[in-house]
$ cat final-v1.tsv   # TSV, C-alpha atoms and all ligand atoms
chain	number	residue	atom	x	y	z
A	649	MET	CA	7.37	-24.81	-0.92
A	650	PRO	CA	4.34	-23.32	-2.68
A	651	GLU	CA	4.22	-23.31	-6.44
A	652	GLY	CA	4.49	-19.87	-8.04
A	653	SER	CA	4.51	-18.45	-11.50
A	654	PRO	CA	7.67	-16.52	-12.28
A	655	ILE	CA	7.03	-13.04	-13.51
A	656	HIS	CA	10.52	-11.80	-14.03
A	657	GLY	CA	14.13	-12.49	-13.27
A	658	GLY	CA	16.76	-10.77	-11.19
A	659	GLN	CA	17.57	-7.91	-13.53
A	660	ARG	CA	14.00	-6.67	-13.60
A	661	ILE	CA	13.72	-6.91	-9.84
A	662	ARG	CA	16.95	-4.94	-9.67
A	663	ASP	CA	15.54	-2.30	-12.05
A	664	SER	CA	12.52	-1.94	-9.79
A	665	PHE	CA	14.84	-1.78	-6.82
A	666	ASN	CA	16.73	1.15	-8.31
A	667	LYS	CA	13.45	3.05	-8.64
A	668	VAL	CA	12.73	2.82	-4.93
A	669	LEU	CA	16.27	3.22	-3.56
A	670	SER	CA	15.43	6.67	-2.25
A	671	THR	CA	13.12	5.10	0.33
A	672	MET	CA	15.74	2.81	1.82
A	673	PRO	CA	17.20	3.19	5.34
A	674	SER	CA	20.02	5.67	5.82
A	675	ASP	CA	22.24	3.55	8.14
A	676	GLY	CA	24.42	2.51	5.21
A	677	LYS	CA	22.71	-0.87	4.82
A	678	THR	CA	20.67	-1.81	1.78
A	679	SER	CA	17.92	-4.39	1.55
A	680	PHE	CA	19.19	-7.87	0.77
A	681	PHE	CA	16.08	-8.45	-1.32
A	682	GLY	CA	17.22	-5.96	-3.95
A	683	GLU	CA	20.16	-8.22	-4.87
A	684	ASP	CA	20.13	-10.73	-7.67
A	685	MET	CA	22.57	-13.62	-7.92
A	686	PRO	CA	25.18	-11.89	-10.17
A	687	SER	CA	25.24	-8.74	-8.02
A	688	LEU	CA	25.54	-10.81	-4.84
A	689	GLU	CA	28.38	-12.85	-6.32
A	690	ALA	CA	30.18	-9.67	-7.39
A	691	LEU	CA	29.76	-8.18	-3.95
A	692	LEU	CA	31.18	-11.27	-2.25
A	693	ILE	CA	34.18	-11.46	-4.58
A	694	GLY	CA	34.82	-7.75	-3.95
A	695	GLY	CA	34.73	-8.48	-0.19
A	696	GLY	CA	37.28	-11.31	-0.52
A	697	PHE	CA	34.82	-14.24	-0.28
A	698	GLU	CA	34.30	-17.21	-2.61
A	699	LYS	CA	31.70	-16.84	-5.35
A	700	TYR	CA	29.89	-20.08	-4.40
A	701	ARG	CA	28.98	-18.58	-1.03
A	702	ALA	CA	26.32	-16.50	-2.81
A	703	ARG	CA	24.32	-19.67	-3.52
A	704	GLN	CA	24.57	-20.71	0.15
A	705	ILE	CA	23.33	-17.32	1.30
A	706	TRP	CA	20.50	-17.46	-1.26
A	707	GLN	CA	19.38	-20.84	0.06
A	708	ASN	CA	19.52	-19.66	3.66
A	709	VAL	CA	17.31	-16.69	2.88
A	710	TYR	CA	14.86	-17.96	0.26
A	711	LEU	CA	14.58	-21.67	1.06
A	712	ARG	CA	15.23	-21.88	4.80
A	713	LYS	CA	13.92	-18.34	5.38
A	714	VAL	CA	16.68	-17.39	7.77
A	715	PHE	CA	16.88	-13.60	8.01
A	716	GLU	CA	19.64	-13.15	10.60
A	717	PRO	CA	23.22	-13.65	9.39
A	718	ALA	CA	24.22	-14.93	12.85
A	719	LYS	CA	21.90	-17.89	12.31
A	720	MET	CA	23.35	-18.81	8.89
A	721	THR	CA	25.60	-21.35	10.52
A	722	SER	CA	26.81	-22.90	7.26
A	723	LEU	CA	28.71	-19.67	6.58
A	724	PRO	CA	32.07	-18.67	8.08
A	725	LEU	CA	31.92	-16.09	10.86
A	726	ALA	CA	33.65	-13.39	8.78
A	727	LEU	CA	31.01	-13.71	6.06
A	728	ARG	CA	28.16	-13.55	8.58
A	729	GLU	CA	29.67	-10.33	9.93
A	730	PHE	CA	30.09	-8.96	6.41
A	731	LEU	CA	26.42	-9.65	5.62
A	732	ASP	CA	25.32	-8.09	8.88
A	733	LYS	CA	27.20	-4.86	8.10
A	734	LYS	CA	26.07	-4.71	4.50
A	735	PHE	CA	22.43	-5.70	4.50
A	736	GLU	CA	19.11	-5.16	6.12
A	737	PHE	CA	17.15	-8.42	5.88
A	738	THR	CA	13.92	-7.46	7.56
A	739	SER	CA	12.69	-4.03	8.52
A	740	GLY	CA	10.37	-3.64	11.52
A	741	LYS	CA	9.03	-6.27	13.93
A	742	LEU	CA	5.84	-7.69	15.39
A	743	VAL	CA	5.25	-6.20	18.83
A	744	GLY	CA	1.76	-7.24	19.82
A	745	ASP	CA	-1.02	-9.56	18.88
A	746	ARG	CA	-4.56	-10.28	19.83
A	747	ARG	CA	-6.67	-13.24	18.81
A	748	SER	CA	-10.42	-12.98	18.55
A	749	ALA	CA	-12.95	-15.66	19.43
A	750	ASP	CA	-13.43	-16.44	15.73
A	751	ASP	CA	-9.70	-17.03	15.13
A	752	THR	CA	-8.86	-13.70	13.60
A	753	GLY	CA	-5.37	-12.64	14.67
A	754	LYS	CA	-4.53	-8.99	14.59
A	755	PHE	CA	-0.85	-8.03	14.89
A	756	LEU	CA	0.84	-4.73	15.50
A	757	PHE	CA	3.99	-4.24	13.43
A	758	GLU	CA	6.50	-1.62	14.62
A	759	LEU	CA	8.53	0.17	11.96
A	760	SER	CA	12.09	1.46	12.42
A	761	ASP	CA	10.86	5.03	13.00
A	762	GLY	CA	8.63	3.89	15.88
A	763	ARG	CA	5.42	4.10	13.89
A	764	TYR	CA	2.96	1.22	13.68
A	765	VAL	CA	0.95	-0.56	11.05
A	766	GLU	CA	-1.15	-3.67	11.43
A	767	CYS	CA	-1.37	-7.04	9.83
A	768	VAL	CA	-4.23	-9.45	10.25
A	769	ILE	CA	-4.46	-13.23	9.85
A	770	LEU	CA	-7.95	-14.41	8.91
A	771	GLU	CA	-8.80	-18.08	9.19
A	772	ALA	CA	-11.55	-19.63	7.10
A	773	PRO	CA	-12.58	-23.21	6.33
A	774	ASP	CA	-11.38	-24.49	2.96
A	775	GLU	CA	-13.04	-26.86	0.50
A	776	SER	CA	-11.23	-29.93	1.91
A	777	GLY	CA	-12.52	-29.39	5.45
A	778	GLY	CA	-9.26	-27.84	6.67
A	779	THR	CA	-8.45	-24.26	7.50
A	780	ARG	CA	-7.04	-21.64	5.19
A	781	LYS	CA	-5.16	-18.65	6.55
A	782	THR	CA	-4.98	-15.31	4.76
A	783	LEU	CA	-2.47	-12.65	5.73
A	784	CYS	CA	-3.60	-9.06	5.28
A	785	LEU	CA	-0.70	-6.61	4.72
A	786	SER	CA	-0.44	-2.84	5.21
A	787	THR	CA	1.29	-0.57	2.71
A	788	GLN	CA	1.21	2.93	4.22
A	789	VAL	CA	1.24	4.53	7.66
A	790	GLY	CA	-2.19	6.13	7.70
A	791	CYS	CA	-4.00	6.79	4.46
A	792	ALA	CA	-4.74	9.86	2.35
A	793	GLN	CA	-7.89	8.52	0.70
A	794	GLY	CA	-10.25	9.73	3.43
A	795	CYS	CA	-12.93	7.02	3.24
A	796	LYS	CA	-15.50	8.23	5.75
A	797	PHE	CA	-16.03	4.87	7.46
A	798	CYS	CA	-12.36	3.96	7.94
A	799	ALA	CA	-10.17	4.32	11.03
A	800	SER	CA	-6.90	4.22	9.05
A	801	THR	CA	-7.49	7.64	7.60
A	802	MET	CA	-8.56	9.43	10.81
A	803	ARG	CA	-5.08	10.82	11.56
A	804	GLY	CA	-4.22	11.39	7.93
A	805	PHE	CA	-1.37	10.04	5.86
A	806	LYS	CA	2.09	9.77	7.44
A	807	ARG	CA	4.28	7.95	4.91
A	808	ASN	CA	4.64	5.12	2.44
A	809	LEU	CA	6.12	1.84	3.61
A	810	THR	CA	9.30	0.71	1.86
A	811	TYR	CA	9.10	-2.55	-0.05
A	812	SER	CA	11.27	-4.07	2.67
A	813	GLU	CA	8.72	-3.07	5.33
A	814	ILE	CA	5.84	-4.53	3.31
A	815	LEU	CA	7.77	-7.74	2.70
A	816	SER	CA	8.89	-7.95	6.32
A	817	GLN	CA	5.30	-8.20	7.53
A	818	ALA	CA	4.96	-11.43	5.52
A	819	LEU	CA	8.40	-12.69	6.59
A	820	SER	CA	7.35	-12.36	10.23
A	821	PHE	CA	4.96	-15.27	9.77
A	822	VAL	CA	7.34	-18.13	9.02
A	823	ASP	CA	7.61	-21.43	10.88
A	824	SER	CA	11.10	-21.36	12.37
A	825	VAL	CA	11.57	-25.14	12.00
A	826	SER	CA	10.09	-25.91	8.58
A	827	GLY	CA	10.73	-22.48	7.01
A	828	LYS	CA	7.18	-22.50	5.63
A	829	PHE	CA	4.90	-19.50	5.56
A	830	LEU	CA	2.17	-19.71	8.21
A	831	PHE	CA	-0.51	-18.58	5.75
A	832	GLU	CA	-1.80	-19.75	2.38
A	833	ASN	CA	-2.98	-16.48	0.85
A	834	ILE	CA	-2.04	-12.81	0.96
A	835	VAL	CA	-4.37	-9.88	0.56
A	836	VAL	CA	-2.93	-6.38	0.35
A	837	MET	CA	-5.73	-4.46	2.04
A	838	GLY	CA	-4.51	-3.40	5.48
A	839	MET	CA	-3.69	0.19	6.36
A	840	GLY	CA	-3.11	2.36	3.27
A	841	GLU	CA	-3.98	2.39	-0.40
A	842	PRO	CA	-1.59	-0.02	-2.16
A	843	LEU	CA	-1.79	1.63	-5.58
A	844	ALA	CA	-0.81	4.98	-4.05
A	845	ASN	CA	2.51	3.33	-3.07
A	846	PHE	CA	2.85	1.63	-6.42
A	847	ASP	CA	6.59	0.92	-6.81
A	848	ASN	CA	7.13	-0.40	-3.28
A	849	VAL	CA	4.05	-2.61	-3.40
A	850	MET	CA	4.91	-4.06	-6.81
A	851	MET	CA	8.48	-4.70	-5.71
A	852	ALA	CA	7.40	-6.54	-2.53
A	853	LEU	CA	4.87	-8.68	-4.43
A	854	LYS	CA	7.36	-9.54	-7.17
A	855	ILE	CA	9.95	-10.69	-4.62
A	856	LEU	CA	7.34	-12.87	-2.93
A	857	ASN	CA	6.22	-14.34	-6.24
A	858	ASP	CA	9.54	-14.69	-8.07
A	859	ALA	CA	10.33	-18.36	-8.75
A	860	ASP	CA	13.99	-17.86	-7.79
A	861	ARG	CA	13.03	-16.21	-4.53
A	862	PHE	CA	10.02	-17.01	-2.34
A	863	ASN	CA	7.99	-18.59	-5.17
A	864	PHE	CA	4.65	-17.65	-3.58
A	865	GLY	CA	1.91	-18.28	-6.16
A	866	ALA	CA	0.57	-15.15	-7.87
A	867	ARG	CA	-2.99	-16.48	-7.79
A	868	ARG	CA	-2.77	-16.59	-4.00
A	869	ILE	CA	-2.01	-12.87	-3.80
A	870	THR	CA	-4.81	-10.28	-4.06
A	871	LEU	CA	-4.25	-6.55	-4.28
A	872	SER	CA	-7.18	-4.51	-3.04
A	873	THR	CA	-7.67	-0.88	-4.07
A	874	CYS	CA	-10.23	1.79	-3.22
A	875	GLY	CA	-10.52	2.46	-6.94
A	876	LEU	CA	-7.61	4.49	-8.36
A	877	ALA	CA	-8.77	4.01	-11.95
A	878	ASP	CA	-5.57	5.41	-13.51
A	879	LYS	CA	-3.46	2.84	-11.65
A	880	ILE	CA	-5.90	0.04	-12.46
A	881	LEU	CA	-5.42	0.92	-16.14
A	882	GLN	CA	-1.66	0.87	-15.59
A	883	ILE	CA	-1.69	-2.65	-14.15
A	884	ALA	CA	-4.12	-3.74	-16.87
A	885	ARG	CA	-1.41	-2.87	-19.38
A	886	MET	CA	1.55	-4.46	-17.63
A	887	ASP	CA	2.63	-7.93	-16.57
A	888	PHE	CA	0.47	-8.17	-13.43
A	889	PRO	CA	-0.17	-11.80	-12.47
A	890	PHE	CA	-1.97	-11.13	-9.19
A	891	ARG	CA	-5.67	-10.99	-8.37
A	892	LEU	CA	-7.45	-7.64	-8.07
A	893	ALA	CA	-10.17	-6.59	-5.63
A	894	VAL	CA	-11.83	-3.18	-5.78
A	895	SER	CA	-13.56	-1.62	-2.78
A	896	LEU	CA	-16.75	-0.32	-4.33
A	897	HIS	CA	-18.93	0.25	-1.24
A	898	GLY	CA	-21.41	2.28	-3.30
A	899	ALA	CA	-23.14	1.26	-6.52
A	900	THR	CA	-24.13	4.79	-7.57
A	901	ASP	CA	-21.99	7.94	-7.65
A	902	GLU	CA	-24.26	9.60	-5.12
A	903	VAL	CA	-23.76	6.92	-2.47
A	904	ARG	CA	-20.13	6.22	-3.29
A	905	SER	CA	-19.14	9.92	-3.18
A	906	ARG	CA	-20.83	10.25	0.20
A	907	ILE	CA	-18.50	7.74	1.82
A	908	MET	CA	-15.47	7.61	-0.51
A	909	PRO	CA	-13.90	10.92	-1.64
A	910	VAL	CA	-11.90	9.01	-4.28
A	911	ASN	CA	-15.15	8.73	-6.25
A	912	LYS	CA	-14.99	12.45	-7.08
A	913	ARG	CA	-11.67	11.87	-8.88
A	914	PHE	CA	-12.63	8.51	-10.34
A	915	PRO	CA	-16.43	8.25	-10.61
A	916	LEU	CA	-18.05	5.00	-11.70
A	917	GLU	CA	-17.99	6.02	-15.37
A	918	LYS	CA	-14.16	5.93	-15.15
A	919	LEU	CA	-13.73	3.16	-12.60
A	920	VAL	CA	-15.97	0.51	-14.13
A	921	PRO	CA	-14.33	0.60	-17.61
A	922	ALA	CA	-10.88	0.48	-15.98
A	923	ILE	CA	-11.85	-2.69	-14.08
A	924	GLY	CA	-13.30	-4.07	-17.32
A	925	GLU	CA	-10.01	-3.48	-19.09
A	926	PHE	CA	-8.11	-5.24	-16.30
A	927	SER	CA	-10.38	-8.30	-16.48
A	928	LYS	CA	-10.19	-8.43	-20.27
A	929	ASN	CA	-6.42	-7.96	-20.56
A	930	CYS	CA	-5.43	-10.09	-17.59
A	931	GLY	CA	-8.10	-12.78	-18.04
A	932	ARG	CA	-9.00	-12.73	-14.37
A	933	MET	CA	-12.24	-12.21	-12.50
A	934	THR	CA	-12.17	-9.11	-10.29
A	935	THR	CA	-13.73	-9.07	-6.84
A	936	LEU	CA	-15.91	-6.12	-5.85
A	937	GLU	CA	-15.75	-5.53	-2.09
A	938	PHE	CA	-18.86	-4.00	-0.59
A	939	ILE	CA	-18.97	-3.08	3.13
A	940	LEU	CA	-22.62	-2.93	4.18
A	941	ILE	CA	-23.41	0.15	6.28
A	942	GLU	CA	-26.85	0.62	7.74
A	943	GLY	CA	-29.02	3.14	5.91
A	944	VAL	CA	-26.21	4.15	3.56
A	945	ASN	CA	-25.61	1.41	1.03
A	946	ASP	CA	-27.62	-1.60	2.26
A	947	THR	CA	-30.83	-0.79	0.35
A	948	PRO	CA	-32.52	-2.88	-2.39
A	949	GLU	CA	-31.80	-0.04	-4.90
A	950	GLN	CA	-28.07	-0.30	-4.16
A	951	ALA	CA	-28.22	-4.09	-4.47
A	952	ARG	CA	-29.88	-3.84	-7.89
A	953	ALA	CA	-27.37	-1.20	-9.09
A	954	LEU	CA	-24.50	-3.37	-7.81
A	955	ALA	CA	-25.91	-6.42	-9.60
A	956	LYS	CA	-25.84	-4.46	-12.88
A	957	ILE	CA	-22.20	-3.45	-12.44
A	958	ALA	CA	-21.11	-6.94	-11.35
A	959	LYS	CA	-22.85	-8.58	-14.32
A	960	LYS	CA	-21.30	-6.14	-16.76
A	961	LEU	CA	-17.84	-6.87	-15.34
A	962	HIS	CA	-18.40	-10.60	-14.72
A	963	ALA	CA	-17.13	-9.79	-11.23
A	964	HIS	CA	-17.52	-11.63	-7.94
A	965	VAL	CA	-19.09	-9.62	-5.11
A	966	ASN	CA	-17.85	-9.92	-1.53
A	967	LEU	CA	-20.34	-8.48	0.97
A	968	ILE	CA	-18.75	-7.50	4.29
A	969	PRO	CA	-20.58	-6.45	7.46
A	970	TYR	CA	-19.19	-3.09	8.62
A	971	ASN	CA	-17.16	-3.12	11.87
A	972	THR	CA	-18.19	-0.07	13.85
A	973	VAL	CA	-15.35	2.41	14.50
A	974	SER	CA	-15.44	4.32	17.75
A	975	GLY	CA	-15.94	8.03	17.01
A	976	LEU	CA	-17.58	7.46	13.63
A	977	GLU	CA	-21.30	7.66	12.97
A	978	TRP	CA	-21.67	4.57	10.76
A	979	ARG	CA	-23.34	1.38	11.92
A	980	ARG	CA	-23.29	-2.20	10.70
A	981	SER	CA	-26.15	-3.16	8.41
A	982	PRO	CA	-28.61	-5.44	10.31
A	983	LEU	CA	-28.56	-9.12	9.37
A	984	LYS	CA	-31.98	-9.02	7.68
A	985	ASN	CA	-30.81	-6.20	5.37
A	986	ARG	CA	-27.62	-8.08	4.56
A	987	LEU	CA	-29.49	-11.27	3.72
A	988	ALA	CA	-32.01	-9.38	1.57
A	989	PHE	CA	-29.14	-7.59	-0.20
A	990	ALA	CA	-27.38	-10.88	-0.94
A	991	LYS	CA	-30.61	-12.43	-2.20
A	992	ILE	CA	-31.09	-9.68	-4.80
A	993	LEU	CA	-27.59	-10.36	-6.10
A	994	LYS	CA	-28.09	-14.12	-6.14
A	995	ASP	CA	-31.46	-13.78	-7.88
A	996	ALA	CA	-29.70	-11.69	-10.52
A	997	LYS	CA	-27.21	-14.59	-10.93
A	998	VAL	CA	-24.29	-12.63	-9.57
A	999	SER	CA	-21.50	-14.65	-7.94
A	1000	CYS	CA	-21.56	-13.40	-4.36
A	1001	THR	CA	-20.39	-14.24	-0.83
A	1002	LEU	CA	-21.64	-12.73	2.41
A	1003	ARG	CA	-18.59	-12.68	4.65
A	1004	ARG	CA	-18.85	-13.78	8.26
A	1005	GLU	CA	-18.26	-11.09	10.87
A	1006	LYS	CA	-14.62	-11.85	11.40
A	1007	GLY	CA	-12.56	-10.16	14.05
A	1008	SER	CA	-15.09	-7.61	15.24
A	1009	ASP	CA	-14.18	-8.30	18.88
A	1010	ILE	CA	-10.60	-7.23	18.25
A	1011	ASP	CA	-11.35	-4.33	15.91
A	1012	ALA	CA	-10.10	-6.18	12.84
A	1013	ALA	CA	-11.59	-3.66	10.48
A	1014	CYS	CA	-9.24	-1.44	8.57
A	1015	GLY	CA	-6.82	0.53	10.77
A	1016	GLN	CA	-8.41	0.20	14.17
A	1017	LEU	CA	-5.65	-1.46	16.17
A	1018	ALA	CA	-2.88	0.77	14.83
A	1019	LEU	CA	-5.02	3.81	15.49
A	1020	LYS	CA	-5.38	2.88	19.15
A	1021	SER	CA	-1.66	2.17	19.55
A	1022	SER	CA	-0.04	4.77	17.33
A	1023	LYS	CA	2.33	7.44	18.62
B	1101	LIG	S1	-10.62	2.12	3.37
B	1101	LIG	FE1	-8.56	1.77	2.57
B	1101	LIG	S2	-8.32	3.41	1.01
B	1101	LIG	FE2	-10.06	4.02	2.29
B	1101	LIG	S3	-9.14	5.34	3.87
B	1101	LIG	FE3	-9.19	3.23	4.69
B	1101	LIG	S4	-7.16	2.39	4.23
B	1101	LIG	FE4	-7.47	4.19	2.91
$ encode --input "final-v1.tsv" --output "structure tokens" --more "lines below"
Ligand code: SF4
Amino acid sequence: MPEGSPIHGGQRIRDSFNKVLSTMPSDGKTSFFGEDMPSLEALLIGGGFEKYRARQIWQNVYLRKVFEPAKMTSLPLALREFLDKKFEFTSGKLVGDRRSADDTGKFLFELSDGRYVECVILEAPDESGGTRKTLCLSTQVGCAQGCKFCASTMRGFKRNLTYSEILSQALSFVDSVSGKFLFENIVVMGMGEPLANFDNVMMALKILNDADRFNFGARRITLSTCGLADKILQIARMDFPFRLAVSLHGATDEVRSRIMPVNKRFPLEKLVPAIGEFSKNCGRMTTLEFILIEGVNDTPEQARALAKIAKKLHAHVNLIPYNTVSGLEWRRSPLKNRLAFAKILKDAKVSCTLRREKGSDIDAACGQLALKSSK
């Protein structure tokens, strides 16, 4: 089981749970993941079962990763039925997948109301010559942020995902024999803006990371935002053990506002200090994501402006070739522009990676699969 750093115990998870109860399903069940050990024990005793059964259930769920009471064969039948009536363990299911030639897997995840989001598994070589898999999670159906280049926002915002729905995407990728996750890292950058669904996202990440639960290492989880500076300041001032990535995509207000409406609310003069405060308070390097779009932000002037921001923040820059979205005017920056852009950053001694074009044959850019399949 992966090592993780505990960030809080059951009571605090329960407090968070109470904040998001209003988003839970209305079929009388509650999410199992909102329970801590004392509340589970109390519930079992109230239902006429032995207290020690709580520990057995806990091990089934968090160690063996069994999410169907019928499969918890160490428990008596009456208790399995009790759990089935009382709790929702996972919410939503994988209904389709496609695998690209470069080993990007894109999965459609159906929610209980028949809507869809997507999750993506990206494979990349690691330092030891093996392969590292990163799971990309969605947090909203649609998105209200209106980034001009993004498919997720084309039909507007529908709703927030519950923490159970966010968590369930990750719990869908578990080896049924070993109980191990089928990925090494998580990045919260699928459909939706995670910080606009703050409580549910934090709750899901805390359950994944909690040492008494899934114990998934905080440093292997990255939250990616389009730049909600107020929320970045909020996480800078709280116990936030995860990594942060910010989608910059424009190194001047003029360019950024052209493609990201959020820049009107949080221009660079607000966003950059907020990222700085996060890095200072949390002691972690932030990643600046920069999708390169031809003729928009792939110029030498943008590269020089980006180098200045990255140096000021001691940030890492991740350059990503744009995946063209059908119906949108934007085009991928040509390779020679991308290489020239990266060279300016490297010459300025900025830590920078130029990402391979992963998943373009299966539309693995933000929102594209769900858009094609959505009701
Ligand atoms: S890029 Fe991200 S924040 Fe922007 S519209 Fe798409 S999903 Fe929303």
$ residues_around --input "final-v1.tsv" --residues "Leu809 in chain A" --least-positions-apart "3" --cutoff "8 Å" --atoms "only C-alpha atoms" --output "PyMOL selection string"
chain A and resi 787-789+812-814+845+848
$ closest_residue --input "final-v1.tsv" --among "A:Leu692, A:Ile907, A:Ala852, A:Cys767" --to "ligand LIG 1101 (chain B)" --atoms "only C-alpha atoms and all ligand atoms"
A:Ile907
$ residues_near_ligand --input "final-v1.tsv" --ligand "ligand LIG 1101 (chain B)" --cutoff "9 Å" --atoms "all atoms listed in the file" --output "number ranges by chain"
A: 786, 788, 790-802, 804-805, 837-842, 872-875, 895, 908-910, 1014-1015
$ write_last_selection --input "final-v1.tsv" --atoms "C-alpha atoms" --output "PDB file, keeping the file's coordinate frame"
ATOM      1  CA  SER A 786      -0.440  -2.840   5.210  1.00  0.00           C
ATOM      2  CA  GLN A 788       1.210   2.930   4.220  1.00  0.00           C
ATOM      3  CA  GLY A 790      -2.190   6.130   7.700  1.00  0.00           C
ATOM      4  CA  CYS A 791      -4.000   6.790   4.460  1.00  0.00           C
ATOM      5  CA  ALA A 792      -4.740   9.860   2.350  1.00  0.00           C
ATOM      6  CA  GLN A 793      -7.890   8.520   0.700  1.00  0.00           C
ATOM      7  CA  GLY A 794     -10.250   9.730   3.430  1.00  0.00           C
ATOM      8  CA  CYS A 795     -12.930   7.020   3.240  1.00  0.00           C
ATOM      9  CA  LYS A 796     -15.500   8.230   5.750  1.00  0.00           C
ATOM     10  CA  PHE A 797     -16.030   4.870   7.460  1.00  0.00           C
ATOM     11  CA  CYS A 798     -12.360   3.960   7.940  1.00  0.00           C
ATOM     12  CA  ALA A 799     -10.170   4.320  11.030  1.00  0.00           C
ATOM     13  CA  SER A 800      -6.900   4.220   9.050  1.00  0.00           C
ATOM     14  CA  THR A 801      -7.490   7.640   7.600  1.00  0.00           C
ATOM     15  CA  MET A 802      -8.560   9.430  10.810  1.00  0.00           C
ATOM     16  CA  GLY A 804      -4.220  11.390   7.930  1.00  0.00           C
ATOM     17  CA  PHE A 805      -1.370  10.040   5.860  1.00  0.00           C
ATOM     18  CA  MET A 837      -5.730  -4.460   2.040  1.00  0.00           C
ATOM     19  CA  GLY A 838      -4.510  -3.400   5.480  1.00  0.00           C
ATOM     20  CA  MET A 839      -3.690   0.190   6.360  1.00  0.00           C
ATOM     21  CA  GLY A 840      -3.110   2.360   3.270  1.00  0.00           C
ATOM     22  CA  GLU A 841      -3.980   2.390  -0.400  1.00  0.00           C
ATOM     23  CA  PRO A 842      -1.590  -0.020  -2.160  1.00  0.00           C
ATOM     24  CA  SER A 872      -7.180  -4.510  -3.040  1.00  0.00           C
ATOM     25  CA  THR A 873      -7.670  -0.880  -4.070  1.00  0.00           C
ATOM     26  CA  CYS A 874     -10.230   1.790  -3.220  1.00  0.00           C
ATOM     27  CA  GLY A 875     -10.520   2.460  -6.940  1.00  0.00           C
ATOM     28  CA  SER A 895     -13.560  -1.620  -2.780  1.00  0.00           C
ATOM     29  CA  MET A 908     -15.470   7.610  -0.510  1.00  0.00           C
ATOM     30  CA  PRO A 909     -13.900  10.920  -1.640  1.00  0.00           C
ATOM     31  CA  VAL A 910     -11.900   9.010  -4.280  1.00  0.00           C
ATOM     32  CA  CYS A1014      -9.240  -1.440   8.570  1.00  0.00           C
ATOM     33  CA  GLY A1015      -6.820   0.530  10.770  1.00  0.00           C
TER      34      GLY A1015
END
$ residues_around --input "final-v1.tsv" --residues "Pro717 in chain A" --least-positions-apart "3" --cutoff "9 Å" --atoms "only C-alpha atoms" --output "number ranges by chain"
A: 705, 714, 720-721, 723, 727-732, 737
$ atom_distance --input "final-v1.tsv" --atom1 "CA of Leu919 in chain A" --atom2 "CA of Ile957 in chain A"
10.7 Å
$ atom_distance --input "final-v1.tsv" --atom1 "CA of Ala899 in chain A" --atom2 "CA of Leu881 in chain A"
20.2 Å
$ atom_distance --input "final-v1.tsv" --atom1 "CA of Ala859 in chain A" --atom2 "CA of Pro889 in chain A"
12.9 Å
$ closest_residue --input "final-v1.tsv" --among "A:Lys960, A:Cys784, A:Phe681, A:Ala726" --to "Phe697 in chain A" --atoms "all atoms listed in the file"
A:Ala726
$ closest_residue --input "final-v1.tsv" --among "A:Phe680, A:Glu832, A:Ser999, A:Glu771" --to "Gly753 in chain A" --atoms "all atoms listed in the file"
A:Glu771
$ residues_near_point --input "final-v1.tsv" --point "(7.4, -17.2, 11.4)" --cutoff "12 Å" --atoms "all atoms listed in the file" --output "ChimeraX atom specification"
/A:712-715,741-742,816-831
$ write_last_selection --input "final-v1.tsv" --atoms "C-alpha atoms" --output "PDB file, in the frame of the given file"
ATOM      1  CA  ARG A 712      15.230 -21.880   4.800  1.00  0.00           C
ATOM      2  CA  LYS A 713      13.920 -18.340   5.380  1.00  0.00           C
ATOM      3  CA  VAL A 714      16.680 -17.390   7.770  1.00  0.00           C
ATOM      4  CA  PHE A 715      16.880 -13.600   8.010  1.00  0.00           C
ATOM      5  CA  LYS A 741       9.030  -6.270  13.930  1.00  0.00           C
ATOM      6  CA  LEU A 742       5.840  -7.690  15.390  1.00  0.00           C
ATOM      7  CA  SER A 816       8.890  -7.950   6.320  1.00  0.00           C
ATOM      8  CA  GLN A 817       5.300  -8.200   7.530  1.00  0.00           C
ATOM      9  CA  ALA A 818       4.960 -11.430   5.520  1.00  0.00           C
ATOM     10  CA  LEU A 819       8.400 -12.690   6.590  1.00  0.00           C
ATOM     11  CA  SER A 820       7.350 -12.360  10.230  1.00  0.00           C
ATOM     12  CA  PHE A 821       4.960 -15.270   9.770  1.00  0.00           C
ATOM     13  CA  VAL A 822       7.340 -18.130   9.020  1.00  0.00           C
ATOM     14  CA  ASP A 823       7.610 -21.430  10.880  1.00  0.00           C
ATOM     15  CA  SER A 824      11.100 -21.360  12.370  1.00  0.00           C
ATOM     16  CA  VAL A 825      11.570 -25.140  12.000  1.00  0.00           C
ATOM     17  CA  SER A 826      10.090 -25.910   8.580  1.00  0.00           C
ATOM     18  CA  GLY A 827      10.730 -22.480   7.010  1.00  0.00           C
ATOM     19  CA  LYS A 828       7.180 -22.500   5.630  1.00  0.00           C
ATOM     20  CA  PHE A 829       4.900 -19.500   5.560  1.00  0.00           C
ATOM     21  CA  LEU A 830       2.170 -19.710   8.210  1.00  0.00           C
ATOM     22  CA  PHE A 831      -0.510 -18.580   5.750  1.00  0.00           C
TER      23      PHE A 831
END
$ closest_residue --input "final-v1.tsv" --among "A:Cys1000, A:Ile968, A:Ile992, A:Ile869" --to "Arg891 in chain A" --atoms "only C-alpha atoms"
A:Ile869
$ residues_around --input "final-v1.tsv" --residues "Leu856 in chain A" --least-positions-apart "6" --cutoff "9 Å" --atoms "only C-alpha atoms" --output "list in words"
Leu815, Ala818, Phe862, Asn863, Phe864, Gly865 and Ala866 of chain A
$ residues_around --input "final-v1.tsv" --residues "Leu770 in chain A" --least-positions-apart "6" --cutoff "6 Å" --atoms "only C-alpha atoms" --output "PyMOL selection string"
chain A and resi 752+781-782
$ closest_residue --input "final-v1.tsv" --among "A:Lys754, A:Lys928, A:Arg979, A:Lys956" --to "Gly943 in chain A" --atoms "only C-alpha atoms"
A:Arg979
